[in-house]
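Trainee: The following file, structure_11.tsv, comprises TSV, C-alpha atoms (C1' of nucleotides):
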chain	number	residue	atom	x	y	z
H	1235	VAL	CA	-5.21	-11.36	-42.10
H	1236	ALA	CA	-4.16	-10.28	-45.54
H	1237	ALA	CA	-2.43	-13.62	-46.06
H	1238	TRP	CA	-5.59	-15.43	-45.04
H	1239	ASN	CA	-7.58	-13.28	-47.40
H	1240	SER	CA	-5.24	-14.05	-50.26
H	1241	MET	CA	-5.82	-17.71	-49.61
H	1242	LEU	CA	-9.55	-17.12	-49.53
H	1243	ALA	CA	-9.41	-15.29	-52.81
H	1244	ALA	CA	-7.31	-18.02	-54.38
H	1245	TYR	CA	-9.78	-20.74	-53.47
H	1246	ALA	CA	-12.79	-18.63	-54.29
H	1247	THR	CA	-11.59	-17.70	-57.77
H	1248	ASN	CA	-10.51	-21.24	-58.57
H	1249	GLY	CA	-13.98	-22.56	-58.05
H	1250	HIS	CA	-13.30	-24.12	-54.66
H	1251	LEU	CA	-16.01	-22.24	-52.88
H	1252	ASP	CA	-16.42	-25.05	-50.39
H	1253	ILE	CA	-12.80	-24.83	-49.27
H	1254	ALA	CA	-13.02	-21.06	-49.23
H	1255	LEU	CA	-15.95	-21.30	-46.87
H	1256	ARG	CA	-14.01	-23.57	-44.54
H	1257	VAL	CA	-11.09	-21.15	-44.57
H	1258	PHE	CA	-13.47	-18.30	-43.88
H	1259	TYR	CA	-14.87	-19.94	-40.79
H	1260	SER	CA	-11.51	-21.06	-39.44
H	1261	MET	CA	-9.75	-17.74	-39.88
H	1262	PRO	CA	-8.60	-16.10	-36.67
H	1263	GLN	CA	-10.28	-12.87	-37.68
H	1264	ARG	CA	-12.16	-11.59	-40.66
H	1265	THR	CA	-12.02	-8.20	-42.26
H	1266	ALA	CA	-14.37	-6.50	-44.66
H	1267	VAL	CA	-12.16	-7.87	-47.42
H	1268	SER	CA	-12.85	-11.45	-46.36
H	1269	TRP	CA	-16.58	-10.89	-46.51
H	1270	THR	CA	-16.35	-9.25	-49.89
H	1271	ILE	CA	-14.32	-12.06	-51.39
H	1272	LEU	CA	-16.90	-14.61	-50.39
H	1273	LEU	CA	-19.87	-12.52	-51.37
H	1274	SER	CA	-18.37	-11.95	-54.79
H	1275	ALA	CA	-17.55	-15.62	-55.23
H	1276	CYS	CA	-21.09	-16.64	-54.33
H	1277	ALA	CA	-22.47	-14.18	-56.83
H	1278	HIS	CA	-20.25	-15.46	-59.61
H	1279	THR	CA	-21.37	-19.03	-59.05
H	1280	GLY	CA	-24.99	-17.95	-59.10
H	1281	ASN	CA	-25.48	-18.53	-55.42
H	1282	LEU	CA	-27.41	-15.38	-54.67
H	1283	LYS	CA	-28.91	-16.73	-51.48
H	1284	ASP	CA	-25.59	-17.15	-49.73
H	1285	ALA	CA	-24.41	-13.86	-51.16
H	1286	LYS	CA	-27.34	-12.18	-49.50
H	1287	ILE	CA	-26.61	-13.97	-46.24
H	1288	PHE	CA	-23.04	-12.69	-46.27
H	1289	PHE	CA	-24.22	-9.22	-47.08
H	1290	ASP	CA	-26.79	-9.17	-44.32
H	1291	GLY	CA	-24.43	-10.78	-41.85
H	1292	MET	CA	-21.66	-8.30	-42.32
H	1293	PRO	CA	-21.41	-5.96	-39.36
H	1294	ASP	CA	-20.06	-2.71	-40.80
H	1295	LYS	CA	-20.89	-2.39	-44.46
H	1296	ASN	CA	-18.62	-0.29	-46.56
H	1297	LEU	CA	-19.06	1.09	-50.04
H	1298	ILE	CA	-17.31	-1.85	-51.64
H	1299	ILE	CA	-19.55	-4.47	-50.13
H	1300	TRP	CA	-22.64	-2.51	-51.13
H	1301	THR	CA	-21.40	-2.30	-54.67
H	1302	THR	CA	-20.48	-5.97	-54.68
H	1303	MET	CA	-24.02	-6.81	-53.69
H	1304	ILE	CA	-25.41	-4.68	-56.50
H	1305	ALA	CA	-23.13	-6.48	-58.92
H	1306	ALA	CA	-24.34	-9.77	-57.45
H	1307	TYR	CA	-27.95	-8.87	-58.18
H	1308	SER	CA	-27.01	-7.59	-61.58
H	1309	GLN	CA	-25.12	-10.73	-62.57
H	1310	ASN	CA	-28.03	-12.90	-61.53
H	1311	GLY	CA	-30.71	-10.90	-63.23
H	1312	HIS	CA	-32.36	-9.39	-60.18
H	1313	LEU	CA	-32.89	-5.88	-61.45
H	1314	GLY	CA	-35.49	-4.94	-58.86
H	1315	ASP	CA	-33.27	-5.82	-55.92
H	1316	ALA	CA	-30.33	-4.07	-57.52
H	1317	THR	CA	-32.31	-0.88	-58.01
H	1318	ALA	CA	-33.66	-0.96	-54.47
H	1319	LEU	CA	-30.19	-1.40	-53.05
H	1320	PHE	CA	-28.73	1.29	-55.28
H	1321	ASP	CA	-31.39	3.77	-54.27
H	1322	SER	CA	-30.81	3.12	-50.59
H	1323	MET	CA	-27.04	3.41	-50.73
H	1324	PRO	CA	-25.56	6.05	-48.48
H	1325	VAL	CA	-22.67	6.78	-50.87
H	1326	ARG	CA	-21.97	5.75	-54.42
H	1327	ASN	CA	-18.91	5.68	-56.58
H	1328	ILE	CA	-18.34	5.08	-60.25
H	1329	LEU	CA	-18.29	1.32	-59.69
H	1330	SER	CA	-21.74	1.37	-58.12
H	1331	TRP	CA	-23.07	3.37	-61.02
H	1332	THR	CA	-21.53	1.06	-63.58
H	1333	SER	CA	-22.86	-2.04	-61.86
H	1334	MET	CA	-26.31	-0.53	-61.98
H	1335	LEU	CA	-25.85	0.37	-65.62
H	1336	THR	CA	-25.12	-3.23	-66.54
H	1337	ALA	CA	-28.02	-4.40	-64.38
H	1338	TYR	CA	-30.38	-2.45	-66.61
H	1339	ALA	CA	-28.70	-3.70	-69.74
H	1340	GLN	CA	-28.85	-7.28	-68.55
H	1341	ALA	CA	-32.57	-6.92	-68.00
H	1342	GLY	CA	-32.97	-5.61	-71.52
H	1343	GLN	CA	-33.89	-2.13	-70.37
H	1344	LEU	CA	-31.85	-0.19	-72.84
H	1345	ASP	CA	-33.56	3.13	-72.24
H	1346	SER	CA	-33.03	2.98	-68.50
H	1347	ALA	CA	-29.43	2.00	-69.09
H	1348	ARG	CA	-28.93	5.00	-71.32
H	1349	LYS	CA	-30.53	7.25	-68.74
H	1350	MET	CA	-28.34	5.82	-66.03
H	1351	PHE	CA	-25.30	6.41	-68.17
H	1352	GLN	CA	-26.22	10.05	-68.62
H	1353	ASP	CA	-26.71	10.44	-64.88
H	1354	ILE	CA	-23.26	9.17	-63.97
H	1355	PRO	CA	-21.45	12.15	-62.45
H	1356	HIS	CA	-17.90	11.29	-63.46
H	1357	HIS	CA	-17.21	8.77	-66.14
H	1358	ASP	CA	-14.17	6.63	-66.49
H	1359	VAL	CA	-12.93	4.25	-69.14
H	1360	VAL	CA	-14.90	1.35	-67.66
H	1361	SER	CA	-18.26	3.09	-67.48
H	1362	CYS	CA	-17.91	4.32	-71.04
H	1363	THR	CA	-16.84	0.91	-72.27
H	1364	ALA	CA	-19.78	-0.65	-70.47
H	1365	MET	CA	-22.18	1.55	-72.38
H	1366	LEU	CA	-20.25	0.97	-75.58
H	1367	GLY	CA	-20.56	-2.77	-75.00
H	1368	ILE	CA	-24.31	-2.48	-74.49
H	1369	TYR	CA	-24.65	-0.69	-77.80
H	1370	ALA	CA	-22.32	-3.21	-79.40
H	1371	GLN	CA	-24.36	-6.20	-78.31
H	1372	THR	CA	-27.61	-4.65	-79.43
H	1373	GLY	CA	-26.22	-3.89	-82.86
H	1374	ARG	CA	-26.17	-0.10	-82.53
H	1375	LEU	CA	-22.92	0.53	-84.29
H	1376	GLU	CA	-23.36	4.28	-84.67
H	1377	LYS	CA	-24.00	4.76	-80.97
H	1378	ALA	CA	-21.09	2.55	-80.04
H	1379	LYS	CA	-18.76	4.41	-82.37
H	1380	GLY	CA	-20.02	7.70	-80.98
H	1381	ILE	CA	-18.97	6.72	-77.48
H	1382	PHE	CA	-15.70	5.32	-78.71
H	1383	ASP	CA	-14.82	8.56	-80.48
H	1384	SER	CA	-15.74	10.70	-77.52
H	1385	MET	CA	-13.69	8.76	-74.99
H	1386	PRO	CA	-10.64	10.58	-73.69
H	1387	GLU	CA	-8.90	7.29	-72.97
H	1388	ARG	CA	-9.38	3.80	-74.29
H	1389	ASP	CA	-7.97	0.52	-73.18
H	1390	ILE	CA	-7.86	-2.90	-74.75
H	1391	VAL	CA	-11.33	-3.77	-73.47
H	1392	THR	CA	-12.69	-0.68	-75.20
H	1393	TYR	CA	-11.17	-1.81	-78.46
H	1394	ASN	CA	-12.45	-5.33	-77.99
H	1395	ALA	CA	-15.95	-4.04	-77.40
H	1396	MET	CA	-15.63	-2.04	-80.59
H	1397	LEU	CA	-14.63	-5.23	-82.44
H	1398	THR	CA	-17.88	-6.74	-81.23
H	1399	ALA	CA	-19.80	-3.67	-82.35
H	1400	TYR	CA	-18.48	-4.04	-85.88
H	1401	GLY	CA	-19.07	-7.75	-85.75
H	1402	GLN	CA	-22.68	-7.41	-84.66
H	1403	ALA	CA	-23.26	-4.92	-87.43
H	1404	GLY	CA	-21.70	-7.30	-89.94
H	1405	ASP	CA	-18.89	-4.95	-90.82
H	1406	VAL	CA	-16.09	-7.46	-91.18
H	1407	ALA	CA	-13.81	-5.03	-92.95
H	1408	MET	CA	-13.93	-2.48	-90.14
H	1409	ALA	CA	-13.57	-5.20	-87.52
H	1410	THR	CA	-10.41	-6.54	-89.10
H	1411	HIS	CA	-9.15	-3.04	-89.72
H	1412	THR	CA	-9.66	-2.19	-86.06
H	1413	PHE	CA	-7.94	-5.39	-85.08
H	1414	ARG	CA	-4.92	-4.52	-87.18
H	1415	THR	CA	-4.65	-0.98	-85.89
H	1416	MET	CA	-5.46	-1.38	-82.22
H	1417	PRO	CA	-2.57	-0.89	-79.79
H	1418	GLN	CA	-2.46	-4.42	-78.40
H	1419	HIS	CA	-4.22	-7.73	-78.75
H	1420	ASP	CA	-5.26	-10.12	-76.08
H	1421	LEU	CA	-7.09	-13.45	-76.23
H	1422	VAL	CA	-10.44	-11.67	-76.40
H	1423	SER	CA	-9.37	-9.57	-79.39
H	1424	TRP	CA	-8.25	-12.63	-81.28
H	1425	SER	CA	-11.26	-14.76	-80.53
H	1426	THR	CA	-13.72	-11.96	-81.23
H	1427	VAL	CA	-12.39	-11.59	-84.74
H	1428	ILE	CA	-12.04	-15.32	-85.30
H	1429	SER	CA	-15.60	-15.87	-84.19
H	1430	LEU	CA	-16.80	-13.14	-86.51
H	1431	LEU	CA	-14.93	-14.69	-89.43
H	1432	THR	CA	-16.41	-18.12	-88.82
H	1433	GLN	CA	-19.88	-16.60	-88.67
H	1434	THR	CA	-19.45	-14.79	-91.94
H	1435	GLY	CA	-18.25	-17.95	-93.60
H	1436	ASP	CA	-14.62	-17.00	-94.07
H	1437	LEU	CA	-13.33	-20.17	-92.52
H	1438	GLU	CA	-9.93	-20.02	-94.18
H	1439	HIS	CA	-9.23	-16.60	-92.78
H	1440	ALA	CA	-10.51	-17.69	-89.39
H	1441	LYS	CA	-8.23	-20.70	-89.38
H	1442	ARG	CA	-5.24	-18.62	-90.41
H	1443	MET	CA	-5.83	-16.24	-87.54
H	1444	TYR	CA	-6.37	-19.12	-85.16
H	1445	GLU	CA	-2.96	-20.48	-86.12
H	1446	MET	CA	-1.43	-17.06	-85.64
H	1447	MET	CA	-2.71	-16.60	-82.11
H	1448	PRO	CA	0.05	-16.54	-79.56
H	1449	LEU	CA	-1.97	-18.84	-77.36
H	1450	GLN	CA	-5.05	-20.84	-78.20
H	1451	ASP	CA	-7.22	-20.94	-75.14
H	1452	LEU	CA	-10.31	-22.97	-74.38
H	1453	ILE	CA	-12.64	-20.39	-75.87
H	1454	SER	CA	-10.83	-19.95	-79.16
H	1455	GLN	CA	-10.64	-23.72	-79.54
H	1456	THR	CA	-14.33	-23.94	-78.86
H	1457	ILE	CA	-15.07	-21.31	-81.49
H	1458	LEU	CA	-13.36	-23.46	-84.08
H	1459	LEU	CA	-15.02	-26.62	-82.80
H	1460	SER	CA	-18.39	-24.92	-82.95
H	1461	CYS	CA	-17.77	-23.80	-86.49
H	1462	TYR	CA	-16.91	-27.32	-87.64
H	1463	SER	CA	-19.84	-28.71	-85.75
H	1464	GLN	CA	-22.27	-26.31	-87.38
H	1465	HIS	CA	-20.96	-27.16	-90.81
H	1466	GLY	CA	-21.29	-30.86	-90.19
H	1467	ASN	CA	-17.54	-31.30	-90.45
H	1468	LEU	CA	-17.32	-34.10	-87.95
H	1469	LYS	CA	-13.75	-35.04	-88.74
H	1470	ASP	CA	-12.22	-31.65	-88.01
H	1471	ALA	CA	-14.55	-31.11	-85.09
H	1472	LYS	CA	-13.33	-34.33	-83.53
H	1473	LYS	CA	-9.75	-33.38	-84.22
H	1474	VAL	CA	-10.03	-30.05	-82.45
H	1475	PHE	CA	-12.00	-31.65	-79.66
H	1476	ASP	CA	-9.45	-34.39	-79.06
H	1477	GLN	CA	-6.58	-31.95	-79.05
H	1478	MET	CA	-8.10	-29.67	-76.48
H	1479	PRO	CA	-6.01	-29.72	-73.33
H	1480	ALA	CA	-9.04	-28.80	-71.26
H	1481	GLN	CA	-12.70	-29.17	-72.02
H	1482	ASN	CA	-15.86	-27.94	-70.44
H	1483	LEU	CA	-19.61	-28.15	-70.79
H	1484	VAL	CA	-19.62	-25.88	-73.81
H	1485	SER	CA	-17.11	-27.99	-75.70
H	1486	TRP	CA	-18.98	-31.18	-74.82
H	1487	ASN	CA	-22.25	-29.75	-76.03
H	1488	ASN	CA	-20.60	-28.69	-79.25
H	1489	MET	CA	-19.17	-32.12	-79.86
H	1490	LEU	CA	-22.51	-33.65	-78.98
H	1491	SER	CA	-24.21	-31.50	-81.62
H	1492	ALA	CA	-21.59	-32.50	-84.14
H	1493	TYR	CA	-22.43	-36.16	-83.59
H	1494	THR	CA	-26.21	-35.84	-83.48
H	1495	GLN	CA	-26.31	-33.60	-86.51
H	1496	ARG	CA	-24.72	-36.33	-88.59
H	1497	GLY	CA	-26.78	-39.06	-87.00
H	1498	TYR	CA	-23.90	-40.66	-85.12
H	1499	MET	CA	-26.16	-41.81	-82.37
H	1500	ARG	CA	-23.78	-44.26	-80.75
H	1501	ASP	CA	-20.98	-41.72	-80.44
H	1502	ALA	CA	-23.44	-39.14	-79.24
H	1503	LYS	CA	-24.76	-41.47	-76.60
H	1504	SER	CA	-21.38	-42.50	-75.30
H	1505	LEU	CA	-20.23	-38.90	-75.13
H	1506	PHE	CA	-23.45	-37.93	-73.41
H	1507	ASP	CA	-23.14	-40.71	-70.88
H	1508	TRP	CA	-19.53	-39.81	-70.25
H	1509	MET	CA	-20.04	-36.08	-69.81
H	1510	PRO	CA	-19.19	-35.10	-66.25
H	1511	GLN	CA	-21.77	-32.32	-66.37
H	1512	LYS	CA	-24.86	-31.75	-68.41
H	1513	ASN	CA	-27.19	-28.82	-68.65
H	1514	LEU	CA	-30.63	-28.49	-70.15
H	1515	LEU	CA	-29.11	-27.81	-73.54
H	1516	SER	CA	-27.22	-31.12	-73.45
H	1517	TRP	CA	-30.42	-32.96	-72.62
H	1518	ASN	CA	-32.37	-31.19	-75.32
H	1519	ILE	CA	-29.76	-31.93	-77.96
H	1520	MET	CA	-29.85	-35.60	-77.04
H	1521	LEU	CA	-33.63	-35.66	-76.75
H	1522	ASN	CA	-34.15	-34.08	-80.11
H	1523	SER	CA	-31.74	-36.42	-81.81
H	1524	LYS	CA	-33.56	-39.46	-80.47
H	1525	LEU	CA	-36.93	-38.08	-81.47
H	1526	GLN	CA	-35.69	-37.26	-84.95
H	1527	ASN	CA	-33.82	-40.48	-85.57
H	1528	SER	CA	-36.60	-43.04	-85.30
H	1529	ARG	CA	-36.07	-43.62	-81.63
H	1530	LEU	CA	-39.39	-42.29	-80.50
H	1531	GLU	CA	-39.71	-44.71	-77.62
H	1532	GLU	CA	-36.27	-43.85	-76.27
H	1533	GLY	CA	-36.95	-40.19	-76.81
H	1534	VAL	CA	-40.22	-40.26	-74.96
H	1535	SER	CA	-38.70	-42.08	-72.05
H	1536	MET	CA	-35.83	-39.61	-72.00
H	1537	PHE	CA	-38.34	-36.80	-71.99
H	1538	LEU	CA	-40.07	-38.33	-68.99
H	1539	THR	CA	-36.89	-38.87	-67.02
H	1540	MET	CA	-35.01	-35.67	-67.80
H	1541	PRO	CA	-34.03	-33.67	-64.73
H	1542	GLU	CA	-35.84	-30.64	-66.14
H	1543	ARG	CA	-37.78	-29.67	-69.24
H	1544	ASP	CA	-38.35	-26.38	-70.93
H	1545	LEU	CA	-40.45	-25.16	-73.80
H	1546	VAL	CA	-37.87	-26.39	-76.28
H	1547	SER	CA	-38.12	-29.93	-74.90
H	1548	TRP	CA	-41.90	-29.82	-75.10
H	1549	ASN	CA	-41.92	-28.45	-78.63
H	1550	SER	CA	-39.43	-31.10	-79.63
H	1551	LEU	CA	-41.74	-33.81	-78.34
H	1552	LEU	CA	-44.76	-32.20	-79.92
H	1553	THR	CA	-43.04	-32.10	-83.29
H	1554	ALA	CA	-42.10	-35.76	-83.02
H	1555	PHE	CA	-45.70	-36.76	-82.49
H	1556	THR	CA	-46.90	-34.65	-85.39
H	1557	GLN	CA	-44.42	-36.46	-87.59
H	1558	THR	CA	-45.74	-39.89	-86.67
H	1559	GLY	CA	-49.28	-38.68	-87.25
H	1560	ASP	CA	-50.35	-39.77	-83.80
H	1561	PHE	CA	-52.88	-37.03	-83.26
H	1562	GLN	CA	-54.03	-38.54	-80.02
H	1563	MET	CA	-50.59	-37.89	-78.56
H	1564	VAL	CA	-50.26	-34.58	-80.35
H	1565	LYS	CA	-53.39	-33.24	-78.74
H	1566	LYS	CA	-52.51	-34.72	-75.39
H	1567	THR	CA	-49.04	-33.19	-75.44
H	1568	PHE	CA	-50.32	-29.84	-76.58
H	1569	ALA	CA	-52.89	-29.81	-73.80
H	1570	GLU	CA	-50.34	-30.79	-71.17
H	1571	MET	CA	-47.70	-28.25	-72.10
H	1572	PRO	CA	-47.15	-25.83	-69.25
H	1573	ASP	CA	-46.35	-23.05	-71.73
H	1574	LYS	CA	-46.83	-22.46	-75.40
H	1575	ASN	CA	-45.12	-20.08	-77.71
H	1576	LEU	CA	-45.42	-19.19	-81.35
H	1577	ILE	CA	-43.43	-22.27	-82.30
H	1578	SER	CA	-45.82	-24.56	-80.45
H	1579	TRP	CA	-48.78	-23.02	-82.23
H	1580	THR	CA	-47.26	-23.12	-85.68
H	1581	THR	CA	-46.22	-26.71	-85.10
H	1582	MET	CA	-49.86	-27.53	-84.47
H	1583	LEU	CA	-51.18	-25.46	-87.31
H	1584	SER	CA	-48.84	-26.88	-89.90
H	1585	ALA	CA	-49.42	-30.43	-88.70
H	1586	LEU	CA	-53.17	-30.07	-88.95
H	1587	SER	CA	-53.11	-28.43	-92.34
H	1588	ARG	CA	-50.61	-30.92	-93.72
H	1589	ASN	CA	-53.10	-33.60	-92.83
H	1590	ASN	CA	-55.98	-31.68	-94.35
H	1591	LEU	CA	-57.64	-31.17	-91.01
H	1592	LEU	CA	-58.47	-27.67	-92.05
H	1593	HIS	CA	-61.38	-27.21	-89.72
H	1594	ASP	CA	-59.25	-28.19	-86.76
H	1595	ALA	CA	-56.55	-25.86	-88.00
H	1596	LYS	CA	-58.98	-23.00	-88.27
H	1597	ALA	CA	-60.30	-23.71	-84.78
H	1598	MET	CA	-56.74	-23.83	-83.49
H	1599	PHE	CA	-55.94	-20.54	-85.19
H	1600	ASP	CA	-58.90	-18.89	-83.55
H	1601	ARG	CA	-57.74	-20.12	-80.16
H	1602	MET	CA	-54.31	-18.53	-80.51
H	1603	PRO	CA	-53.60	-15.71	-78.11
H	1604	GLU	CA	-53.40	-12.28	-79.68
H	1605	GLN	CA	-49.67	-11.74	-79.23
H	1606	ASN	CA	-48.91	-14.63	-81.55
I	1153	A	C1'	0.87	-9.30	-49.72
I	1154	C	C1'	-5.84	-9.03	-49.76
I	1155	A	C1'	-11.86	-7.30	-51.86
I	1156	A	C1'	-16.40	-4.58	-55.87
I	1157	G	C1'	-17.98	-2.44	-62.18
I	1158	G	C1'	-16.89	-2.95	-68.73
I	1159	U	C1'	-15.09	-6.93	-73.97
I	1160	G	C1'	-14.83	-13.24	-76.83
I	1161	A	C1'	-17.34	-19.65	-77.23
I	1162	C	C1'	-22.36	-24.14	-77.17
I	1163	U	C1'	-28.41	-21.83	-77.21
I	1164	C	C1'	-31.12	-27.05	-79.30
I	1165	A	C1'	-37.69	-26.83	-80.90
I	1166	C	C1'	-42.03	-24.81	-85.79
I	1167	A	C1'	-41.75	-22.34	-90.47
Starting from the file, give its structure as structure tokens.

Mentor:
Amino acid sequence: VAAWNSMLAAYATNGHLDIALRVFYSMPQRTAVSWTILLSACAHTGNLKDAKIFFDGMPDKNLIIWTTMIAAYSQNGHLGDATALFDSMPVRNILSWTSMLTAYAQAGQLDSARKMFQDIPHHDVVSCTAMLGIYAQTGRLEKAKGIFDSMPERDIVTYNAMLTAYGQAGDVAMATHTFRTMPQHDLVSWSTVISLLTQTGDLEHAKRMYEMMPLQDLISQTILLSCYSQHGNLKDAKKVFDQMPAQNLVSWNNMLSAYTQRGYMRDAKSLFDWMPQKNLLSWNIMLNSKLQNSRLEEGVSMFLTMPERDLVSWNSLLTAFTQTGDFQMVKKTFAEMPDKNLISWTTMLSALSRNNLLHDAKAMFDRMPEQN
RNA sequence: ACAAGGUGACUCACA
């Protein structure tokens, strides 16, 4: 059975969930481990429904499968379900607690996360690093450092989280100092610092470190690509992009932005058409570039045929109509929008006032919901 | 020989 499970795990972690499922059903017998592997794989691919089915279908649930299900809820943003499950657990261990901790953090409930952290009976390096990471991402350097200093043991992930804490707080000097003095480096350590350097504008330093990396993986390459793309450096962006041994949706979107930002509509379009996968961001990048590059007709028809639209797509369209001065369409679009945010309202307000329709602007202002 | 928790990349729309 263990051999079968190894095979299951191999397929499941390599993204072949379909094959894993076939293996699962054709196995001579299944253990708790088999169920857990599949449940975890479903959760990581965002397939919470099947994860739940596996969980419910499992005959004798052990602590691990309970915890895996909490992690599944946590990873997919279902805080309520995670809490309910956690509260009804017969036994908990440090992994259950930590999964719950990150569930709160993921939902933006920092106070609950902090409370949960304090309630954990016995901490380990992972639970402490989890809390450190939460503080790091929310820019609370002092808190992060406090945990770091109080930890009896630290591993490379702890140090990496601390790099992020310094980075988020804009302390490049301490980040690089920590990088130099930490016990070991892995790909995450390198790319965290490189990313920080590109964000603070020290491109030369970033490039030097990129060259020094023992191995340039997809993410570090993408960091560099993204940096070139954001600076409108199409040539170097293309160079990095073409040299990447493997690419993914993130790298394609980055290259797409690089093209559209410089108005290379033909290249953008052929990349876009070629992309094996697209997400809403890809569509919005392309949509916005059409709308902003005198291709209103194409843009509008893209808007109408997109697989999905969000508030950004709507605001993009709204802005385009305000720029052509077609107030018929502006009003129509604004009325049809399923949601509006502050950006939608300010788009309207500035369009009306730019065209000296001050009474309309005033009326619009009075219609704005309070929270804006 | 097998399973669960913590760290790095794109996030585009108004101003």

Trainee: Under the rule that all atoms listed in the file are counted, which of H:Ser1333, H:Cys1461, H:Met1447, H:Met1416 is the nearest residue to Gln1433 of chain H?

Mentor: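 Closest to Gln1433 of chain H, using all atoms listed in the file: H:Cys1461.
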
Trainee: Could you jot down the atom CA of Met1536 of chain H to atom CA of Asn1281 of chain H separation for me, Å, one decimal place?

Mentor: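 So the two atoms, atom CA of Met1536 of chain H and atom CA of Asn1281 of chain H, lie 28.7 Å apart.
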
Trainee: Restrict the distance test to all atoms listed in the file, flag each residue of chain H within 7 Å of chain I, and return the flagged residues as a tab-separated table (two decimals) with C-alpha atoms, in the coordinates of the input.

Mentor:
chain	number	residue	atom	x	y	z
H	1236	ALA	CA	-4.16	-10.28	-45.54
H	1237	ALA	CA	-2.43	-13.62	-46.06
H	1239	ASN	CA	-7.58	-13.28	-47.40
H	1240	SER	CA	-5.24	-14.05	-50.26
H	1267	VAL	CA	-12.16	-7.87	-47.42
H	1268	SER	CA	-12.85	-11.45	-46.36
H	1270	THR	CA	-16.35	-9.25	-49.89
H	1271	ILE	CA	-14.32	-12.06	-51.39
H	1298	ILE	CA	-17.31	-1.85	-51.64
H	1299	ILE	CA	-19.55	-4.47	-50.13
H	1301	THR	CA	-21.40	-2.30	-54.67
H	1302	THR	CA	-20.48	-5.97	-54.68
H	1329	LEU	CA	-18.29	1.32	-59.69
H	1330	SER	CA	-21.74	1.37	-58.12
H	1332	THR	CA	-21.53	1.06	-63.58
H	1333	SER	CA	-22.86	-2.04	-61.86
H	1360	VAL	CA	-14.90	1.35	-67.66
H	1361	SER	CA	-18.26	3.09	-67.48
H	1363	THR	CA	-16.84	0.91	-72.27
H	1364	ALA	CA	-19.78	-0.65	-70.47
H	1367	GLY	CA	-20.56	-2.77	-75.00
H	1391	VAL	CA	-11.33	-3.77	-73.47
H	1392	THR	CA	-12.69	-0.68	-75.20
H	1394	ASN	CA	-12.45	-5.33	-77.99
H	1395	ALA	CA	-15.95	-4.04	-77.40
H	1422	VAL	CA	-10.44	-11.67	-76.40
H	1425	SER	CA	-11.26	-14.76	-80.53
H	1426	THR	CA	-13.72	-11.96	-81.23
H	1453	ILE	CA	-12.64	-20.39	-75.87
H	1454	SER	CA	-10.83	-19.95	-79.16
H	1456	THR	CA	-14.33	-23.94	-78.86
H	1457	ILE	CA	-15.07	-21.31	-81.49
H	1484	VAL	CA	-19.62	-25.88	-73.81
H	1485	SER	CA	-17.11	-27.99	-75.70
H	1487	ASN	CA	-22.25	-29.75	-76.03
H	1488	ASN	CA	-20.60	-28.69	-79.25
H	1515	LEU	CA	-29.11	-27.81	-73.54
H	1518	ASN	CA	-32.37	-31.19	-75.32
H	1519	ILE	CA	-29.76	-31.93	-77.96
H	1546	VAL	CA	-37.87	-26.39	-76.28
H	1547	SER	CA	-38.12	-29.93	-74.90
H	1549	ASN	CA	-41.92	-28.45	-78.63
H	1550	SER	CA	-39.43	-31.10	-79.63
H	1577	ILE	CA	-43.43	-22.27	-82.30
H	1578	SER	CA	-45.82	-24.56	-80.45
H	1580	THR	CA	-47.26	-23.12	-85.68
H	1581	THR	CA	-46.22	-26.71	-85.10

Trainee: Excluding Ala1585 of chain H and its own-chain neighbours fewer than 3 positions away, which residues fall within 6 Å of it when counting all atoms listed in the file? Please give them as a list of chain:residue names.

Mentor: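 Returned residues: H:Thr1556, H:Met1582, H:Arg1588.
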
Trainee: How many Å lie between atom CA of Val1534 of chain H and atom CA of His1593 of chain H, rounded to one decimal?

Mentor: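 Separation of atom CA of Val1534 of chain H and atom CA of His1593 of chain H: 28.9 Å.
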
Trainee: As an exercise, work out the distance from atom CA of Gly1435 of chain H to atom CA of Tyr1400 of chain H in Å and give it to one decimal place.

Mentor: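 For atom CA of Gly1435 of chain H relative to atom CA of Tyr1400 of chain H, the distance reads 15.9 Å.
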
Trainee: Tell me which protein, DNA and RNA residues are within 7 Å of Glu1387 of chain H, counting only C-alpha atoms (C1' of nucleotides), leaving out same-chain ones fewer than 2 positions away, and put them as a PyMOL selection string.

Mentor: chain H and resi 1359+1385+1389

Trainee: Which residues are near Asp1252 of chain H? Cut-off 12 Å, only C-alpha atoms (C1' of nucleotides), ignore same chain within fewer than 6 positions. Put them as a list in words.

Mentor: Leu1242, Tyr1245, Ala1246, Phe1258, Tyr1259, Leu1272, Ala1275, Cys1276 and Thr1279 of chain H

Trainee: Using only C-alpha atoms, which residue out of H:Thr1432, H:Ile1287, H:Gln1481, H:Ala1347 lies closest to Thr1317 of chain H?

Mentor: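 Closest to Thr1317 of chain H of all the choices is H:Ala1347.
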
Trainee: Could you name the residues that touch Glu1445 of chain H at 12 Å or less, counting all atoms listed in the file, but leaving out those on the same chain fewer than 6 positions away, as an NGL selection string?

Mentor: :H and (1424-1425 or 1428 or 1438-1439 or 1451 or 1454-1455 or 1458)

Trainee: Please write the residues from the selection above to a file, keeping C-alpha atoms, as a compact mmCIF listing (two decimals), in the frame of the given file.

Mentor:
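So selection_15.txt came out as:
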# COMPACT_ATOMS: atom_id res chain seq x y z
CA TRP H 1424 -8.25 -12.63 -81.28
CA SER H 1425 -11.26 -14.76 -80.53
CA ILE H 1428 -12.04 -15.32 -85.30
CA GLU H 1438 -9.93 -20.02 -94.18
CA HIS H 1439 -9.23 -16.60 -92.78
CA ASP H 1451 -7.22 -20.94 -75.14
CA SER H 1454 -10.83 -19.95 -79.16
CA GLN H 1455 -10.64 -23.72 -79.54
CA LEU H 1458 -13.36 -23.46 -84.08
